[in-house]
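Next comes target.pdb, a file with PDB, C-alpha atoms, pLDDT in the B column.
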```
ATOM      1  CA  MET T   1     -65.749 121.923-102.773  1.00 71.00           C
ATOM      2  CA  ALA T   2     -65.325 125.347-104.373  1.00 83.00           C
ATOM      3  CA  THR T   3     -63.562 125.593-107.727  1.00 90.00           C
ATOM      4  CA  ILE T   4     -61.667 128.564-109.090  1.00 94.00           C
ATOM      5  CA  GLU T   5     -59.950 129.716-112.279  1.00 95.00           C
ATOM      6  CA  ILE T   6     -57.242 132.370-112.093  1.00 95.00           C
ATOM      7  CA  THR T   7     -55.047 133.951-114.752  1.00 95.00           C
ATOM      8  CA  GLY T   8     -51.822 135.539-113.588  1.00 95.00           C
ATOM      9  CA  ARG T   9     -48.048 135.607-113.741  1.00 95.00           C
ATOM     10  CA  VAL T  10     -45.683 133.298-111.870  1.00 96.00           C
ATOM     11  CA  VAL T  11     -43.977 135.233-109.068  1.00 96.00           C
ATOM     12  CA  LYS T  12     -40.711 133.229-109.062  1.00 94.00           C
ATOM     13  CA  ASP T  13     -39.232 130.151-110.752  1.00 92.00           C
ATOM     14  CA  VAL T  14     -40.983 126.934-109.693  1.00 94.00           C
ATOM     15  CA  VAL T  15     -38.985 124.187-107.952  1.00 93.00           C
ATOM     16  CA  LEU T  16     -40.066 120.532-107.885  1.00 95.00           C
ATOM     17  CA  GLU T  17     -39.891 118.907-104.448  1.00 96.00           C
ATOM     18  CA  ARG T  18     -40.823 115.538-102.975  1.00 96.00           C
ATOM     19  CA  THR T  19     -42.740 114.799 -99.819  1.00 95.00           C
ATOM     20  CA  PRO T  20     -41.168 112.383 -97.281  1.00 96.00           C
ATOM     21  CA  ASN T  21     -43.205 109.553 -98.836  1.00 95.00           C
ATOM     22  CA  GLY T  22     -41.968 110.401-102.357  1.00 95.00           C
ATOM     23  CA  LYS T  23     -44.911 112.309-103.889  1.00 96.00           C
ATOM     24  CA  GLU T  24     -43.975 115.123-106.271  1.00 96.00           C
ATOM     25  CA  ILE T  25     -45.140 118.598-105.283  1.00 97.00           C
ATOM     26  CA  THR T  26     -44.666 122.162-106.455  1.00 96.00           C
ATOM     27  CA  SER T  27     -45.828 125.131-104.472  1.00 94.00           C
ATOM     28  CA  PHE T  28     -45.691 128.644-105.901  1.00 96.00           C
ATOM     29  CA  SER T  29     -47.549 131.937-106.155  1.00 95.00           C
ATOM     30  CA  ILE T  30     -49.097 133.811-109.035  1.00 96.00           C
ATOM     31  CA  ALA T  31     -49.936 137.508-109.225  1.00 96.00           C
ATOM     32  CA  SER T  32     -53.174 138.577-110.869  1.00 95.00           C
ATOM     33  CA  ASN T  33     -53.739 142.221-111.823  1.00 93.00           C
ATOM     34  CA  ARG T  34     -57.135 143.764-111.300  1.00 90.00           C
ATOM     35  CA  LYS T  35     -58.396 147.168-112.459  1.00 91.00           C
ATOM     36  CA  TYR T  36     -61.463 148.937-111.156  1.00 89.00           C
ATOM     37  CA  THR T  37     -63.047 152.373-111.021  1.00 92.00           C
ATOM     38  CA  ASP T  38     -64.181 153.777-107.683  1.00 92.00           C
ATOM     39  CA  ASP T  39     -67.339 155.809-106.996  1.00 93.00           C
ATOM     40  CA  LYS T  40     -65.511 159.047-107.865  1.00 93.00           C
ATOM     41  CA  GLY T  41     -64.434 157.773-111.297  1.00 93.00           C
ATOM     42  CA  LYS T  42     -60.790 157.265-110.335  1.00 93.00           C
ATOM     43  CA  GLN T  43     -59.151 154.147-111.781  1.00 94.00           C
ATOM     44  CA  HIS T  44     -57.149 151.813-109.573  1.00 93.00           C
ATOM     45  CA  ASP T  45     -54.763 148.942-110.288  1.00 93.00           C
ATOM     46  CA  GLU T  46     -54.444 146.221-107.667  1.00 94.00           C
ATOM     47  CA  VAL T  47     -52.575 142.949-107.542  1.00 94.00           C
ATOM     48  CA  ASP T  48     -53.873 139.825-105.837  1.00 93.00           C
ATOM     49  CA  PHE T  49     -51.511 136.970-104.976  1.00 93.00           C
ATOM     50  CA  TYR T  50     -52.617 133.349-104.947  1.00 94.00           C
ATOM     51  CA  HIS T  51     -50.745 130.397-103.456  1.00 94.00           C
ATOM     52  CA  ILE T  52     -50.882 127.376-105.792  1.00 96.00           C
ATOM     53  CA  THR T  53     -50.046 123.747-104.982  1.00 95.00           C
ATOM     54  CA  CYS T  54     -49.613 121.031-107.632  1.00 96.00           C
ATOM     55  CA  TRP T  55     -49.254 117.302-107.025  1.00 96.00           C
ATOM     56  CA  LYS T  56     -47.852 114.311-108.934  1.00 95.00           C
ATOM     57  CA  ASP T  57     -47.760 114.653-112.771  1.00 94.00           C
ATOM     58  CA  LEU T  58     -48.955 118.261-112.710  1.00 95.00           C
ATOM     59  CA  ALA T  59     -46.154 119.092-110.264  1.00 95.00           C
ATOM     60  CA  VAL T  60     -43.597 117.482-112.573  1.00 94.00           C
ATOM     61  CA  ALA T  61     -44.911 119.542-115.517  1.00 92.00           C
ATOM     62  CA  THR T  62     -44.986 122.849-113.615  1.00 92.00           C
ATOM     63  CA  GLN T  63     -41.341 122.627-112.538  1.00 90.00           C
ATOM     64  CA  PHE T  64     -40.475 124.283-115.855  1.00 88.00           C
ATOM     65  CA  LEU T  65     -42.492 127.441-115.141  1.00 91.00           C
ATOM     66  CA  LYS T  66     -40.367 130.564-114.823  1.00 90.00           C
ATOM     67  CA  LYS T  67     -40.880 133.908-113.164  1.00 93.00           C
ATOM     68  CA  GLY T  68     -43.155 136.082-115.293  1.00 92.00           C
ATOM     69  CA  ASN T  69     -44.834 133.249-117.252  1.00 92.00           C
ATOM     70  CA  LYS T  70     -48.510 134.030-117.747  1.00 92.00           C
ATOM     71  CA  ILE T  71     -50.631 130.995-116.861  1.00 95.00           C
ATOM     72  CA  ARG T  72     -54.223 130.007-116.159  1.00 95.00           C
ATOM     73  CA  VAL T  73     -54.827 127.816-113.132  1.00 96.00           C
ATOM     74  CA  ARG T  74     -57.942 125.751-112.525  1.00 97.00           C
ATOM     75  CA  GLY T  75     -58.445 123.974-109.259  1.00 97.00           C
ATOM     76  CA  PHE T  76     -60.218 123.852-105.957  1.00 95.00           C
ATOM     77  CA  CYS T  77     -59.750 126.298-103.162  1.00 92.00           C
ATOM     78  CA  GLN T  78     -59.714 125.915 -99.436  1.00 88.00           C
ATOM     79  CA  TYR T  79     -58.830 127.810 -96.312  1.00 87.00           C
ATOM     80  CA  LYS T  80     -56.179 126.403 -94.015  1.00 86.00           C
ATOM     81  CA  ASN T  81     -55.993 127.453 -90.384  1.00 90.00           C
ATOM     82  CA  TRP T  82     -52.939 127.234 -88.164  1.00 87.00           C
ATOM     83  CA  VAL T  83     -51.304 128.875 -85.174  1.00 93.00           C
ATOM     84  CA  ASP T  84     -47.993 130.663 -85.817  1.00 92.00           C
ATOM     85  CA  GLN T  85     -44.891 130.637 -83.596  1.00 93.00           C
ATOM     86  CA  ASP T  86     -46.295 133.547 -81.560  1.00 95.00           C
ATOM     87  CA  GLU T  87     -49.497 131.545 -81.000  1.00 94.00           C
ATOM     88  CA  VAL T  88     -51.516 133.857 -83.238  1.00 94.00           C
ATOM     89  CA  PRO T  89     -54.266 132.111 -85.243  1.00 93.00           C
ATOM     90  CA  ARG T  90     -53.689 132.463 -89.009  1.00 91.00           C
ATOM     91  CA  THR T  91     -55.675 131.573 -92.120  1.00 88.00           C
ATOM     92  CA  THR T  92     -54.384 130.972 -95.651  1.00 85.00           C
ATOM     93  CA  PHE T  93     -56.370 130.737 -98.876  1.00 86.00           C
ATOM     94  CA  GLU T  94     -54.819 128.034-101.042  1.00 91.00           C
ATOM     95  CA  VAL T  95     -55.560 126.650-104.510  1.00 96.00           C
ATOM     96  CA  THR T  96     -54.808 123.015-105.321  1.00 96.00           C
ATOM     97  CA  ALA T  97     -54.427 122.966-109.098  1.00 97.00           C
ATOM     98  CA  THR T  98     -56.155 120.385-111.256  1.00 96.00           C
ATOM     99  CA  ASP T  99     -55.090 121.965-114.568  1.00 95.00           C
ATOM    100  CA  ILE T 100     -52.613 124.635-115.650  1.00 94.00           C
ATOM    101  CA  SER T 101     -52.354 126.083-119.123  1.00 93.00           C
ATOM    102  CA  MET T 102     -50.310 128.667-120.963  1.00 85.00           C
ATOM    103  CA  SER T 103     -51.496 130.331-124.166  1.00 79.00           C
ATOM    104  CA  ILE T 104     -49.681 129.527-127.407  1.00 76.00           C
ATOM    105  CA  PHE T 105     -48.919 133.245-127.730  1.00 73.00           C
ATOM    106  CA  THR T 106     -47.104 133.229-124.383  1.00 72.00           C
ATOM    107  CA  ILE T 107     -45.139 130.120-125.354  1.00 69.00           C
ATOM    108  CA  PHE T 108     -44.146 131.653-128.707  1.00 70.00           C
ATOM    109  CA  ALA T 109     -43.137 134.958-127.050  1.00 72.00           C
ATOM    110  CA  ASN T 110     -40.913 133.052-124.610  1.00 69.00           C
ATOM    111  CA  ILE T 111     -39.204 131.253-127.499  1.00 71.00           C
ATOM    112  CA  LEU T 112     -38.552 134.556-129.279  1.00 72.00           C
ATOM    113  CA  LYS T 113     -37.102 136.122-126.093  1.00 74.00           C
ATOM    114  CA  LYS T 114     -34.586 133.277-125.834  1.00 71.00           C
ATOM    115  CA  LYS T 115     -33.347 133.994-129.374  1.00 69.00           C
ATOM    116  CA  ASP T 116     -32.510 137.635-128.549  1.00 62.00           C
TER
END
```
Would you mind writing the file out in C-alpha cells?
Amino acid sequence: MATIEITGRVVKDVVLERTPNGKEITSFSIASNRKYTDDKGKQHDEVDFYHITCWKDLAVATQFLKKGNKIRVRGFCQYKNWVDQDEVPRTTFEVTATDISMSIFTIFANILKKKD
C-alpha cells in the first residue's frame, strides 16, 4: 500500500453522508499549488487536485471543513478503474485519509475572519 501526504486547500464545503449500511463518509477535493522553473528559466504555477475520502470518526470531524481551509492530509492512495456511461475505461487516483490536520495559524486566522 502506498502512503501519501498532501497539503492543500479544500475546494468546497464538506458534507457528511452515510452509506446504505450506516457508515459515515465524507468525500471532497483539495487543491495543491506547485511552482517550478522550466529549462528556459521561466517560472510556472500549477494546481493539482486530489480526491479525498474519509470514513467513520474522521468523516464526522471533517464535515466542518469549509472551502478554502488549508489542511494536510495523510493517507493511502489507490487507483480505481471503471467504465463510464459511454463504455470508455476510466481511472481515478484517490486518497483514503487516515489523518487530517490544520495548522494553529490557519485555525486562528479563520477565527479572526469571523469577527470581521
Inset, instruction - Considering all atoms listed in the file, return as a ChimeraX atom specification whatever protein or nucleic-acid residues lie within 10 Å of range 98-101 of chain T, sequence-local ones (same chain, fewer than 3 positions apart) excluded. - result: /T:3,5-7,53-55,58,61-62,70-76,95,104
Enclose all atoms of range 38-50 of chain T listed in the file in an axis-aligned box, grow every side by 8 Å, and hand back centre and edge lengths in Å to one decimal, as AutoDock Vina command-line options.
```
--center_x -59.4 --center_y 146.2 --center_z -108.4 --size_x 31.8 --size_y 41.7 --size_z 22.8
```
Inset, instruction - Find the distance between CA of Ser103 in chain T and CA of Val15 in chain T and write it in Å to one decimal. - result: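 That distance, rounded to one decimal, is 21.4 Å.
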Inset, instruction - Compare T:Glu46, T:Thr19, T:Gly68, T:Val14 by their minimum atom-to-atom distance to Thr106 in chain T, counting all atoms listed in the file, and give me the closest one. - result: T:Gly68
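Between Tyr79 in chain T and the residues T:Ala2, T:Leu112, T:Val11, T:Ile30, the shortest atom-to-atom distance, using only C-alpha atoms, involves T:Ala2.
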Legend entry - Residue nearest Ile111 in chain T - candidates T:Asn33, T:Asn69, T:Thr26, T:Gln43, atoms counted: only C-alpha atoms: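 The shortest atom-to-atom distance to Ile111 in chain T comes from T:Asn69.
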Inset, instruction - Please write as a ChimeraX atom specification the full residue list that the PyMOL selection byres ((chain T and resi 52) around 7) yields on this file. - result: /T:27-29,50-51,53-54,94-97
Legend entry - Residues within 10 Å of (-46.5, 112.5, -104.5), file coords, all atoms listed in the file, listed as a list of chain:residue names: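 Selection result: T:Glu17, T:Arg18, T:Thr19, T:Pro20, T:Asn21, T:Gly22, T:Lys23, T:Glu24, T:Ile25, T:Cys54, T:Trp55, T:Lys56, T:Asp57, T:Ala59, T:Val60.
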Inset, instruction - Give me, please, the distance in Å between CA of Arg34 in chain T and CA of Gly8 in chain T, quoted to one decimal. - result: 10.1 Å
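Nearest-residue note for Ser32 in chain T: choosing from T:Val10, T:Phe64, T:His44, T:Lys80, the minimum distance belongs to T:Val10, counting only C-alpha atoms.
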At the level of C-alpha atoms, write range 3-103 of chain T to a file as a compact mmCIF listing (two decimals), in the first residue's frame, please.
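What follows is the written file out-v1.txt:
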```txt
# COMPACT_ATOMS: atom_id res chain seq x y z
CA THR T 3 1.06 6.28 1.50
CA ILE T 4 0.91 9.97 0.71
CA GLU T 5 0.90 13.34 2.47
CA ILE T 6 -0.60 16.36 0.72
CA THR T 7 -1.06 19.96 1.82
CA GLY T 8 -3.72 21.97 0.04
CA ARG T 9 -6.94 23.93 0.27
CA VAL T 10 -10.45 22.48 0.42
CA VAL T 11 -12.22 23.09 -2.89
CA LYS T 12 -15.77 23.31 -1.48
CA ASP T 13 -17.56 22.87 1.86
CA VAL T 14 -17.51 19.25 3.05
CA VAL T 15 -20.81 17.39 3.58
CA LEU T 16 -21.16 14.35 5.84
CA GLU T 17 -23.05 11.44 4.27
CA ARG T 18 -23.92 7.89 5.28
CA THR T 19 -23.58 4.72 3.27
CA PRO T 20 -26.66 2.45 2.95
CA ASN T 21 -25.34 0.39 5.88
CA GLY T 22 -24.92 3.50 8.07
CA LYS T 23 -21.16 4.20 7.90
CA GLU T 24 -20.19 7.88 7.94
CA ILE T 25 -18.29 9.14 4.89
CA THR T 26 -17.07 12.43 3.51
CA SER T 27 -15.69 12.80 0.04
CA PHE T 28 -14.10 16.04 -1.13
CA SER T 29 -11.24 17.52 -3.14
CA ILE T 30 -8.25 19.62 -2.21
CA ALA T 31 -6.17 21.83 -4.48
CA SER T 32 -2.41 21.88 -4.05
CA ASN T 33 -0.32 24.61 -5.69
CA ARG T 34 3.01 23.72 -7.22
CA LYS T 35 5.69 26.06 -8.59
CA TYR T 36 8.54 25.06 -10.85
CA THR T 37 11.08 26.55 -13.23
CA ASP T 38 11.42 25.12 -16.73
CA ASP T 39 14.65 24.59 -18.69
CA LYS T 40 14.48 28.16 -20.04
CA GLY T 41 14.27 29.70 -16.55
CA LYS T 42 10.58 30.60 -16.81
CA GLN T 43 8.55 30.07 -13.63
CA HIS T 44 5.24 28.24 -13.73
CA ASP T 45 2.40 27.84 -11.24
CA GLU T 46 0.28 24.71 -11.47
CA VAL T 47 -2.54 23.32 -9.38
CA ASP T 48 -3.08 19.63 -8.72
CA PHE T 49 -6.43 18.37 -7.44
CA TYR T 50 -6.74 15.35 -5.18
CA HIS T 51 -9.91 13.43 -4.33
CA ILE T 52 -10.05 12.59 -0.61
CA THR T 53 -12.32 10.09 1.15
CA CYS T 54 -12.74 9.91 4.94
CA TRP T 55 -14.56 7.21 6.89
CA LYS T 56 -16.18 6.91 10.34
CA ASP T 57 -14.83 9.29 13.05
CA LEU T 58 -12.55 11.13 10.63
CA ALA T 59 -15.54 11.71 8.34
CA VAL T 60 -17.54 13.13 11.24
CA ALA T 61 -14.68 15.50 12.11
CA THR T 62 -14.10 16.67 8.52
CA GLN T 63 -17.73 17.70 7.99
CA PHE T 64 -16.78 21.07 9.49
CA LEU T 65 -14.16 21.85 6.82
CA LYS T 66 -15.03 24.83 4.65
CA LYS T 67 -13.98 25.94 1.21
CA GLY T 68 -10.51 27.48 1.34
CA ASN T 69 -9.37 25.82 4.60
CA LYS T 70 -5.72 24.83 4.32
CA ILE T 71 -5.23 21.25 5.52
CA ARG T 72 -2.68 18.45 5.47
CA VAL T 73 -3.95 15.00 4.55
CA ARG T 74 -2.15 11.75 5.29
CA GLY T 75 -3.45 8.51 3.92
CA PHE T 76 -3.07 5.75 1.41
CA CYS T 77 -3.58 6.11 -2.28
CA GLN T 78 -5.01 3.82 -4.88
CA TYR T 79 -6.19 3.82 -8.45
CA LYS T 80 -9.78 2.90 -9.19
CA ASN T 81 -10.81 1.71 -12.63
CA TRP T 82 -14.31 1.82 -14.06
CA VAL T 83 -16.19 2.10 -17.33
CA ASP T 84 -18.23 5.27 -17.86
CA GLN T 85 -21.71 5.55 -19.41
CA ASP T 86 -20.16 5.72 -22.90
CA GLU T 87 -18.25 2.50 -22.17
CA VAL T 88 -14.92 4.32 -22.03
CA PRO T 89 -12.45 2.89 -19.48
CA ARG T 90 -11.54 5.48 -16.81
CA THR T 91 -9.06 5.62 -13.95
CA THR T 92 -9.19 7.77 -10.81
CA PHE T 93 -6.44 8.42 -8.28
CA GLU T 94 -8.00 8.52 -4.82
CA VAL T 95 -6.65 9.12 -1.31
CA THR T 96 -8.30 7.46 1.68
CA ALA T 97 -7.36 9.68 4.61
CA THR T 98 -6.02 8.27 7.86
CA ASP T 99 -5.27 11.68 9.41
CA ILE T 100 -6.13 15.30 8.61
CA SER T 101 -4.67 18.31 10.34
CA MET T 102 -4.92 22.07 10.16
CA SER T 103 -2.21 24.39 11.49
```
